[in-house]
$ cat protein_7.pdb   # PDB, C-alpha atoms
ATOM      1  CA  MET I   1       7.803 -96.919-140.238  1.00  0.00           C
ATOM      2  CA  HIS I   2      10.215 -94.723-138.284  1.00  0.00           C
ATOM      3  CA  PRO I   3      10.477 -91.830-138.757  1.00  0.00           C
ATOM      4  CA  ASN I   4       7.092 -90.558-139.912  1.00  0.00           C
ATOM      5  CA  THR I   5       6.572 -86.965-141.038  1.00  0.00           C
ATOM      6  CA  GLN I   6       5.969 -85.625-137.524  1.00  0.00           C
ATOM      7  CA  GLU I   7       8.984 -87.480-136.194  1.00  0.00           C
ATOM      8  CA  GLN I   8      11.182 -86.167-138.996  1.00  0.00           C
ATOM      9  CA  GLY I   9      10.308 -82.625-137.957  1.00  0.00           C
ATOM     10  CA  ALA I  10      11.108 -83.410-134.330  1.00  0.00           C
ATOM     11  CA  LEU I  11      14.421 -84.995-135.221  1.00  0.00           C
ATOM     12  CA  GLN I  12      15.430 -82.022-137.334  1.00  0.00           C
ATOM     13  CA  ALA I  13      14.522 -79.665-134.481  1.00  0.00           C
ATOM     14  CA  ALA I  14      16.641 -81.742-132.074  1.00  0.00           C
ATOM     15  CA  GLU I  15      19.505 -81.738-134.539  1.00  0.00           C
ATOM     16  CA  ASN I  16      19.285 -77.957-134.885  1.00  0.00           C
ATOM     17  CA  LEU I  17      19.324 -77.496-131.105  1.00  0.00           C
ATOM     18  CA  MET I  18      22.261 -79.851-130.726  1.00  0.00           C
ATOM     19  CA  ASN I  19      24.255 -78.143-133.485  1.00  0.00           C
ATOM     20  CA  GLU I  20      23.640 -74.701-131.998  1.00  0.00           C
ATOM     21  CA  ILE I  21      24.658 -75.619-128.457  1.00  0.00           C
ATOM     22  CA  MET I  22      27.552 -77.935-129.257  1.00  0.00           C
ATOM     23  CA  ALA I  23      29.215 -75.633-131.781  1.00  0.00           C
ATOM     24  CA  ARG I  24      31.256 -74.273-128.866  1.00  0.00           C
ATOM     25  CA  TYR I  25      32.441 -77.704-127.637  1.00  0.00           C
ATOM     26  CA  ASP I  26      35.818 -79.134-128.607  1.00  0.00           C
ATOM     27  CA  PRO I  27      36.202 -81.852-131.291  1.00  0.00           C
ATOM     28  CA  SER I  28      36.041 -84.687-128.752  1.00  0.00           C
ATOM     29  CA  HIS I  29      32.399 -83.809-128.058  1.00  0.00           C
ATOM     30  CA  ASP I  30      31.173 -82.197-131.253  1.00  0.00           C
ATOM     31  CA  ALA I  31      28.187 -82.662-133.551  1.00  0.00           C
ATOM     32  CA  PHE I  32      30.037 -85.330-135.525  1.00  0.00           C
ATOM     33  CA  HIS I  33      30.421 -87.402-132.356  1.00  0.00           C
ATOM     34  CA  VAL I  34      26.696 -87.055-131.738  1.00  0.00           C
ATOM     35  CA  GLN I  35      25.845 -88.151-135.267  1.00  0.00           C
ATOM     36  CA  ARG I  36      28.008 -91.258-134.870  1.00  0.00           C
ATOM     37  CA  VAL I  37      26.256 -92.074-131.597  1.00  0.00           C
ATOM     38  CA  ARG I  38      22.883 -91.525-133.274  1.00  0.00           C
ATOM     39  CA  LYS I  39      23.780 -93.878-136.127  1.00  0.00           C
ATOM     40  CA  THR I  40      25.169 -96.586-133.850  1.00  0.00           C
ATOM     41  CA  ALA I  41      22.300 -96.361-131.343  1.00  0.00           C
ATOM     42  CA  LEU I  42      19.757 -96.859-134.127  1.00  0.00           C
ATOM     43  CA  SER I  43      21.781 -99.742-135.542  1.00  0.00           C
ATOM     44  CA  ILE I  44      21.790-101.438-132.150  1.00  0.00           C
ATOM     45  CA  ALA I  45      18.083-100.734-131.596  1.00  0.00           C
ATOM     46  CA  ARG I  46      17.111-102.200-134.967  1.00  0.00           C
ATOM     47  CA  ALA I  47      19.171-105.305-134.231  1.00  0.00           C
ATOM     48  CA  LEU I  48      17.117-105.671-131.029  1.00  0.00           C
ATOM     49  CA  SER I  49      13.754-105.499-132.802  1.00  0.00           C
ATOM     50  CA  ALA I  50      12.421-108.430-130.756  1.00  0.00           C
ATOM     51  CA  GLN I  51      12.677-106.212-127.653  1.00  0.00           C
ATOM     52  CA  LYS I  52      10.766-103.423-129.435  1.00  0.00           C
ATOM     53  CA  PRO I  53      12.811-100.364-128.451  1.00  0.00           C
ATOM     54  CA  ASP I  54      11.116 -97.025-129.154  1.00  0.00           C
ATOM     55  CA  LEU I  55      13.227 -95.739-132.034  1.00  0.00           C
ATOM     56  CA  LEU I  56      12.113 -92.134-131.583  1.00  0.00           C
ATOM     57  CA  VAL I  57      13.163 -92.169-127.926  1.00  0.00           C
ATOM     58  CA  VAL I  58      16.492 -93.719-128.910  1.00  0.00           C
ATOM     59  CA  GLU I  59      17.171 -91.233-131.685  1.00  0.00           C
ATOM     60  CA  LEU I  60      16.131 -88.089-129.805  1.00  0.00           C
ATOM     61  CA  ALA I  61      18.067 -89.147-126.702  1.00  0.00           C
ATOM     62  CA  ALA I  62      21.131 -89.822-128.842  1.00  0.00           C
ATOM     63  CA  LEU I  63      20.884 -86.393-130.469  1.00  0.00           C
ATOM     64  CA  LEU I  64      20.505 -84.611-127.122  1.00  0.00           C
ATOM     65  CA  HIS I  65      22.760 -86.757-124.932  1.00  0.00           C
ATOM     66  CA  ASP I  66      25.719 -84.332-124.778  1.00  0.00           C
ATOM     67  CA  VAL I  67      23.913 -80.993-124.920  1.00  0.00           C
ATOM     68  CA  LEU I  68      24.201 -80.667-121.130  1.00  0.00           C
ATOM     69  CA  ASP I  69      27.540 -82.403-120.716  1.00  0.00           C
ATOM     70  CA  LYS I  70      28.868 -81.227-117.359  1.00  0.00           C
ATOM     71  CA  LYS I  71      32.348 -80.715-118.800  1.00  0.00           C
ATOM     72  CA  TYR I  72      30.981 -77.850-120.892  1.00  0.00           C
ATOM     73  CA  VAL I  73      27.977 -76.328-119.106  1.00  0.00           C
ATOM     74  CA  SER I  74      27.504 -74.749-115.696  1.00  0.00           C
ATOM     75  CA  GLU I  75      26.046 -76.605-112.721  1.00  0.00           C
ATOM     76  CA  THR I  76      23.012 -74.336-112.940  1.00  0.00           C
ATOM     77  CA  GLU I  77      22.319 -75.308-116.563  1.00  0.00           C
ATOM     78  CA  ALA I  78      22.759 -79.002-115.795  1.00  0.00           C
ATOM     79  CA  ALA I  79      20.740 -78.957-112.551  1.00  0.00           C
ATOM     80  CA  ASP I  80      17.292 -79.376-114.139  1.00  0.00           C
ATOM     81  CA  PRO I  81      17.538 -81.215-117.478  1.00  0.00           C
ATOM     82  CA  TYR I  82      13.777 -81.637-117.884  1.00  0.00           C
ATOM     83  CA  GLY I  83      13.205 -77.939-117.256  1.00  0.00           C
ATOM     84  CA  TYR I  84      15.953 -77.133-119.754  1.00  0.00           C
ATOM     85  CA  PHE I  85      14.461 -79.299-122.515  1.00  0.00           C
ATOM     86  CA  LEU I  86      10.788 -78.577-121.744  1.00  0.00           C
ATOM     87  CA  PRO I  87      10.551 -75.571-124.143  1.00  0.00           C
ATOM     88  CA  PHE I  88      11.978 -77.791-126.875  1.00  0.00           C
ATOM     89  CA  PHE I  89       9.290 -80.431-126.309  1.00  0.00           C
ATOM     90  CA  GLN I  90       6.582 -77.768-126.147  1.00  0.00           C
ATOM     91  CA  THR I  91       7.782 -76.490-129.530  1.00  0.00           C
ATOM     92  CA  LEU I  92       7.523 -79.989-130.984  1.00  0.00           C
ATOM     93  CA  SER I  93       3.885 -80.106-129.953  1.00  0.00           C
ATOM     94  CA  LEU I  94       3.072 -76.652-131.318  1.00  0.00           C
ATOM     95  CA  GLU I  95       5.008 -76.790-134.578  1.00  0.00           C
ATOM     96  CA  HIS I  96       5.002 -80.475-135.464  1.00  0.00           C
ATOM     97  CA  GLY I  97       1.925 -81.822-133.694  1.00  0.00           C
ATOM     98  CA  LEU I  98       4.023 -84.310-131.750  1.00  0.00           C
ATOM     99  CA  ASP I  99       3.062 -84.227-128.067  1.00  0.00           C
ATOM    100  CA  LEU I 100       5.774 -86.163-126.266  1.00  0.00           C
ATOM    101  CA  ILE I 101       4.950 -84.471-122.970  1.00  0.00           C
ATOM    102  CA  SER I 102       1.460 -85.927-122.562  1.00  0.00           C
ATOM    103  CA  ASP I 103       2.490 -89.448-123.541  1.00  0.00           C
ATOM    104  CA  GLY I 104       5.433 -89.411-121.106  1.00  0.00           C
ATOM    105  CA  ARG I 105       8.146 -89.883-123.688  1.00  0.00           C
ATOM    106  CA  ALA I 106       9.624 -86.434-123.074  1.00  0.00           C
ATOM    107  CA  ARG I 107      10.480 -87.411-119.504  1.00  0.00           C
ATOM    108  CA  GLU I 108      11.763 -90.791-120.691  1.00  0.00           C
ATOM    109  CA  ILE I 109      14.059 -89.127-123.246  1.00  0.00           C
ATOM    110  CA  VAL I 110      15.433 -86.727-120.636  1.00  0.00           C
ATOM    111  CA  LYS I 111      15.913 -89.590-118.172  1.00  0.00           C
ATOM    112  CA  VAL I 112      17.958 -91.438-120.775  1.00  0.00           C
ATOM    113  CA  VAL I 113      19.987 -88.283-121.453  1.00  0.00           C
ATOM    114  CA  GLU I 114      20.651 -87.900-117.720  1.00  0.00           C
ATOM    115  CA  ASN I 115      21.872 -91.481-117.377  1.00  0.00           C
ATOM    116  CA  VAL I 116      23.979 -92.070-120.493  1.00  0.00           C
ATOM    117  CA  SER I 117      27.186 -90.875-118.847  1.00  0.00           C
ATOM    118  CA  TRP I 118      29.798 -93.383-117.696  1.00  0.00           C
ATOM    119  CA  THR I 119      30.551 -91.157-114.692  1.00  0.00           C
ATOM    120  CA  THR I 120      26.870 -90.955-113.715  1.00  0.00           C
ATOM    121  CA  GLU I 121      26.493 -94.734-113.831  1.00  0.00           C
ATOM    122  CA  LYS I 122      29.710 -95.190-111.861  1.00  0.00           C
ATOM    123  CA  LYS I 123      28.423 -92.886-109.103  1.00  0.00           C
ATOM    124  CA  LEU I 124      25.056 -94.647-109.004  1.00  0.00           C
ATOM    125  CA  ARG I 125      26.754 -98.030-108.709  1.00  0.00           C
ATOM    126  CA  SER I 126      29.099 -96.861-105.959  1.00  0.00           C
ATOM    127  CA  THR I 127      26.179 -95.516-103.913  1.00  0.00           C
ATOM    128  CA  GLY I 128      23.847 -98.460-104.546  1.00  0.00           C
ATOM    129  CA  LYS I 129      21.345 -96.313-106.451  1.00  0.00           C
ATOM    130  CA  ILE I 130      21.040 -98.389-109.615  1.00  0.00           C
ATOM    131  CA  GLU I 131      17.320 -99.087-110.039  1.00  0.00           C
ATOM    132  CA  GLU I 132      15.326-101.602-112.064  1.00  0.00           C
ATOM    133  CA  TRP I 133      14.823 -98.956-114.766  1.00  0.00           C
ATOM    134  CA  HIS I 134      18.590 -98.667-115.263  1.00  0.00           C
ATOM    135  CA  ARG I 135      18.829-102.440-115.642  1.00  0.00           C
ATOM    136  CA  THR I 136      15.896-102.876-118.023  1.00  0.00           C
ATOM    137  CA  CYS I 137      15.472 -99.722-120.154  1.00  0.00           C
ATOM    138  CA  ILE I 138      16.521-100.909-123.606  1.00  0.00           C
ATOM    139  CA  GLU I 139      16.452 -97.360-125.017  1.00  0.00           C
ATOM    140  CA  LEU I 140      18.985 -96.300-122.381  1.00  0.00           C
ATOM    141  CA  HIS I 141      21.169 -99.296-123.195  1.00  0.00           C
ATOM    142  CA  CYS I 142      21.157 -98.542-126.924  1.00  0.00           C
ATOM    143  CA  VAL I 143      22.324 -94.953-126.394  1.00  0.00           C
ATOM    144  CA  GLN I 144      24.761 -95.855-123.612  1.00  0.00           C
ATOM    145  CA  ASP I 145      26.437 -98.530-125.708  1.00  0.00           C
ATOM    146  CA  ALA I 146      26.594 -96.266-128.758  1.00  0.00           C
ATOM    147  CA  ASP I 147      28.178 -93.438-126.755  1.00  0.00           C
ATOM    148  CA  ARG I 148      30.683 -95.783-125.141  1.00  0.00           C
ATOM    149  CA  LEU I 149      31.570 -97.444-128.430  1.00  0.00           C
ATOM    150  CA  ASP I 150      32.563 -94.011-129.745  1.00  0.00           C
ATOM    151  CA  ALA I 151      34.920 -93.691-126.760  1.00  0.00           C
ATOM    152  CA  ILE I 152      36.932 -96.775-127.771  1.00  0.00           C
ATOM    153  CA  GLY I 153      38.520 -98.063-130.959  1.00  0.00           C
ATOM    154  CA  ALA I 154      39.852 -95.724-133.639  1.00  0.00           C
ATOM    155  CA  PHE I 155      37.439 -92.885-132.916  1.00  0.00           C
ATOM    156  CA  GLY I 156      38.016 -93.277-129.196  1.00  0.00           C
ATOM    157  CA  ILE I 157      41.757 -92.852-129.648  1.00  0.00           C
ATOM    158  CA  MET I 158      41.261 -89.697-131.722  1.00  0.00           C
ATOM    159  CA  ARG I 159      38.729 -88.290-129.256  1.00  0.00           C
ATOM    160  CA  CYS I 160      41.008 -88.939-126.291  1.00  0.00           C
ATOM    161  CA  ALA I 161      43.814 -87.065-128.041  1.00  0.00           C
ATOM    162  CA  ALA I 162      41.457 -84.230-128.989  1.00  0.00           C
ATOM    163  CA  TYR I 163      40.150 -83.764-125.431  1.00  0.00           C
ATOM    164  CA  SER I 164      43.691 -83.971-124.051  1.00  0.00           C
ATOM    165  CA  ALA I 165      44.761 -81.180-126.396  1.00  0.00           C
ATOM    166  CA  ALA I 166      41.735 -79.081-125.419  1.00  0.00           C
ATOM    167  CA  VAL I 167      42.597 -79.275-121.699  1.00  0.00           C
ATOM    168  CA  ASN I 168      46.383 -79.280-122.211  1.00  0.00           C
ATOM    169  CA  ARG I 169      46.787 -82.813-120.842  1.00  0.00           C
ATOM    170  CA  PRO I 170      50.029 -84.580-121.870  1.00  0.00           C
ATOM    171  CA  LEU I 171      49.527 -87.362-124.376  1.00  0.00           C
ATOM    172  CA  HIS I 172      52.289 -89.474-122.843  1.00  0.00           C
ATOM    173  CA  ALA I 173      54.899 -89.007-120.157  1.00  0.00           C
ATOM    174  CA  PRO I 174      57.590 -91.065-118.438  1.00  0.00           C
ATOM    175  CA  PRO I 175      56.374 -93.604-115.845  1.00  0.00           C
ATOM    176  CA  GLY I 176      54.933 -92.038-112.701  1.00  0.00           C
ATOM    177  CA  ARG I 177      52.728 -89.395-114.351  1.00  0.00           C
ATOM    178  CA  LEU I 178      49.016 -90.200-113.973  1.00  0.00           C
ATOM    179  CA  ASP I 179      47.617 -87.153-115.759  1.00  0.00           C
ATOM    180  CA  THR I 180      48.169 -88.301-119.339  1.00  0.00           C
ATOM    181  CA  ALA I 181      45.981 -89.373-122.230  1.00  0.00           C
ATOM    182  CA  VAL I 182      47.569 -92.819-122.167  1.00  0.00           C
ATOM    183  CA  GLN I 183      46.746 -93.223-118.473  1.00  0.00           C
ATOM    184  CA  HIS I 184      43.107 -92.427-119.301  1.00  0.00           C
ATOM    185  CA  PHE I 185      42.985 -95.635-121.332  1.00  0.00           C
ATOM    186  CA  TYR I 186      43.967 -97.653-118.265  1.00  0.00           C
ATOM    187  CA  ASP I 187      41.713 -95.686-115.900  1.00  0.00           C
ATOM    188  CA  LYS I 188      38.571 -95.851-118.055  1.00  0.00           C
ATOM    189  CA  LEU I 189      38.649 -96.743-121.726  1.00  0.00           C
ATOM    190  CA  LEU I 190      39.946-100.307-121.330  1.00  0.00           C
ATOM    191  CA  HIS I 191      37.095-100.993-118.881  1.00  0.00           C
ATOM    192  CA  ILE I 192      34.295 -99.904-121.205  1.00  0.00           C
ATOM    193  CA  GLN I 193      33.979-103.251-122.965  1.00  0.00           C
ATOM    194  CA  GLU I 194      32.929-104.977-119.744  1.00  0.00           C
ATOM    195  CA  ARG I 195      30.134-102.432-119.170  1.00  0.00           C
ATOM    196  CA  LEU I 196      28.423-102.690-122.570  1.00  0.00           C
ATOM    197  CA  LYS I 197      24.796-103.765-122.163  1.00  0.00           C
ATOM    198  CA  THR I 198      23.540-105.068-125.507  1.00  0.00           C
ATOM    199  CA  GLU I 199      24.715-108.056-127.525  1.00  0.00           C
ATOM    200  CA  PRO I 200      25.268-105.968-130.703  1.00  0.00           C
ATOM    201  CA  GLY I 201      27.202-103.456-128.611  1.00  0.00           C
ATOM    202  CA  LYS I 202      29.382-106.181-127.110  1.00  0.00           C
ATOM    203  CA  GLN I 203      30.143-107.582-130.563  1.00  0.00           C
ATOM    204  CA  MET I 204      31.228-104.185-131.859  1.00  0.00           C
ATOM    205  CA  GLY I 205      33.078-103.450-128.641  1.00  0.00           C
ATOM    206  CA  ALA I 206      35.316-106.522-128.811  1.00  0.00           C
ATOM    207  CA  LYS I 207      37.002-105.407-132.046  1.00  0.00           C
ATOM    208  CA  ARG I 208      37.360-101.805-130.873  1.00  0.00           C
ATOM    209  CA  HIS I 209      38.802-102.921-127.533  1.00  0.00           C
ATOM    210  CA  GLN I 210      41.469-104.996-129.256  1.00  0.00           C
ATOM    211  CA  PHE I 211      42.317-102.036-131.489  1.00  0.00           C
ATOM    212  CA  MET I 212      43.068 -99.987-128.355  1.00  0.00           C
ATOM    213  CA  VAL I 213      45.160-102.779-126.853  1.00  0.00           C
ATOM    214  CA  ASP I 214      47.224-102.974-130.034  1.00  0.00           C
ATOM    215  CA  PHE I 215      47.578 -99.191-130.078  1.00  0.00           C
ATOM    216  CA  LEU I 216      48.800 -99.059-126.472  1.00  0.00           C
ATOM    217  CA  ASN I 217      51.297-101.845-127.183  1.00  0.00           C
ATOM    218  CA  SER I 218      52.599 -99.794-130.097  1.00  0.00           C
ATOM    219  CA  VAL I 219      52.886 -96.703-127.892  1.00  0.00           C
ATOM    220  CA  GLU I 220      55.015 -98.572-125.374  1.00  0.00           C
ATOM    221  CA  ASN I 221      57.121-100.240-128.063  1.00  0.00           C
ATOM    222  CA  GLU I 222      57.836 -96.895-129.688  1.00  0.00           C
ATOM    223  CA  TYR I 223      58.560 -95.178-126.358  1.00  0.00           C
ATOM    224  CA  ASN I 224      60.984 -97.907-125.293  1.00  0.00           C
ATOM    225  CA  ALA I 225      62.628 -98.245-128.691  1.00  0.00           C
ATOM    226  CA  GLU I 226      66.404 -98.402-128.833  1.00  0.00           C
ATOM    227  CA  ALA I 227      68.508 -97.904-131.906  1.00  0.00           C
ATOM    228  CA  LEU I 228      69.217-101.166-133.623  1.00  0.00           C
ATOM    229  CA  GLU I 229      72.821-102.062-134.265  1.00  0.00           C
ATOM    230  CA  VAL I 230      73.564-101.795-137.940  1.00  0.00           C
ATOM    231  CA  VAL I 231      75.611-104.665-139.247  1.00  0.00           C
ATOM    232  CA  CYS I 232      77.594-103.828-142.354  1.00  0.00           C
ATOM    233  CA  THR I 233      78.473-106.602-144.709  1.00  0.00           C
ATOM    234  CA  VAL I 234      81.096-106.458-147.421  1.00  0.00           C
TER
END
$ encode --input "protein_7.pdb" --output "structure tokens"
Amino acid sequence: MHPNTQEQGALQAAENLMNEIMARYDPSHDAFHVQRVRKTALSIARALSAQKPDLLVVELAALLHDVLDKKYVSETEAADPYGYFLPFFQTLSLEHGLDLISDGRAREIVKVVENVSWTTEKKLRSTGKIEEWHRTCIELHCVQDADRLDAIGAFGIMRCAAYSAAVNRPLHAPPGRLDTAVQHFYDKLLHIQERLKTEPGKQMGAKRHQFMVDFLNSVENEYNAEALEVVCTV
């Protein structure tokens, strides 16, 4: 039964590392976002029990997936993810007796972390570098879908506003401006639903997608609102 005692120690260590590093990130990519992704990824993985995803790989990858987010770390830090996380995995072996290096799961976890990003997948697709692993790794799909689900729906709307505030991006502007939070919905967020990989993810995504559509309709209705004529009756 996941997690066993050794795994619990590893998960706590990953959570501690994540909290320490991500304390300096803005609210759009904070520890609470990571915990939501963790929860959703495990929910998806458990719903796919027939495909036997490795729950420890899913959970550790979810916890670590934004530690090296390129929006917040230097190119040097992000250049060698396995080298960056290797001391962490060595500590798991020494302190918790869980050797993920020898059994290959450390590299698998880091590979998932490296490939969760929407931007990374987009670049791989545009250059024809999507491999069989990307198409078949169920652990990757669980974490990808969970991360993308947190980018849409109610939380997605709040996160988009939070990131826009952090980088001083306008929330909305008159037609013609392409550097706004609202434009980001049309550039990316409204396309996420079509890139979800798992059936549970797609089911959750449909409701969240419609929530965004309704929100954007409300934004336009409010922006274009005109004062209603008041009719007085005697």
$ resolve_selection --input "protein_7.pdb" --expression "the PyMOL selection byres ((chain I and resi 150-159) around 8)" --output "ChimeraX atom specification"
/I:27-29,33,36-37,146-149,160-163,189-190,192,205,207-212
$ resolve_selection --input "protein_7.pdb" --expression "the PyMOL selection byres ((chain I and resi 17) around 12)" --output "list in words"
Ala10, Leu11, Gln12, Ala13, Ala14, Glu15, Asn16, Met18, Asn19, Glu20, Ile21, Met22, Ala23, Ala31, Leu60, Leu63, Leu64, His65, Asp66, Val67, Leu68, Tyr84, Phe85, Pro87, Phe88, Phe89 and Thr91 of chain I
$ residues_around --input "protein_7.pdb" --residues "range 170-175 of chain I" --least-positions-apart "2" --cutoff "12 Å" --atoms "all atoms listed in the file" --output "list in words"
Ile157, Met158, Arg159, Cys160, Ala161, Ala162, Tyr163, Ser164, Ala165, Ala166, Val167, Asn168, Arg177, Leu178, Asp179, Thr180, Ala181, Val182, Gln183, His184, Phe185, Leu216, Val219, Glu220, Glu222, Tyr223 and Asn224 of chain I
$ atom_distance --input "protein_7.pdb" --atom1 "CA of Ser43 in chain I" --atom2 "CA of Lys71 in chain I"
27.5 Å
$ atom_distance --input "protein_7.pdb" --atom1 "CA of Pro200 in chain I" --atom2 "CA of Lys111 in chain I"
22.6 Å
$ axis_aligned_box --input "protein_7.pdb" --around "range 206-220 of chain I" --padding-each-side "3 Å" --output "JSON"
{"center_x": 45.2, "center_y": -101.6, "center_z": -128.7, "size_x": 25.7, "size_y": 15.8, "size_z": 12.7}
$ resolve_selection --input "protein_7.pdb" --expression "the PyMOL selection byres ((chain I and resi 197) around 9)" --output "PyMOL selection string"
chain I and resi 135+138+141-142+144-145+194-196+198-202
$ closest_residue --input "protein_7.pdb" --among "I:Thr127, I:Glu75, I:Ala61, I:Asp187" --to "Ala106 in chain I" --atoms "all atoms listed in the file"
I:Ala61
$ atom_distance --input "protein_7.pdb" --atom1 "CA of Met1 in chain I" --atom2 "CA of Ala62 in chain I"
18.9 Å
$ residues_near_point --input "protein_7.pdb" --point "(13.4, -97.3, -132.4)" --cutoff "12 Å" --atoms "only C-alpha atoms" --output "ChimeraX atom specification"
/I:1-4,7,38-62,138-140,142-143
$ closest_residue --input "protein_7.pdb" --among "I:Thr5, I:Asn115, I:Ser93, I:Asn221" --to "Ile130 in chain I" --atoms "all atoms listed in the file"
I:Asn115
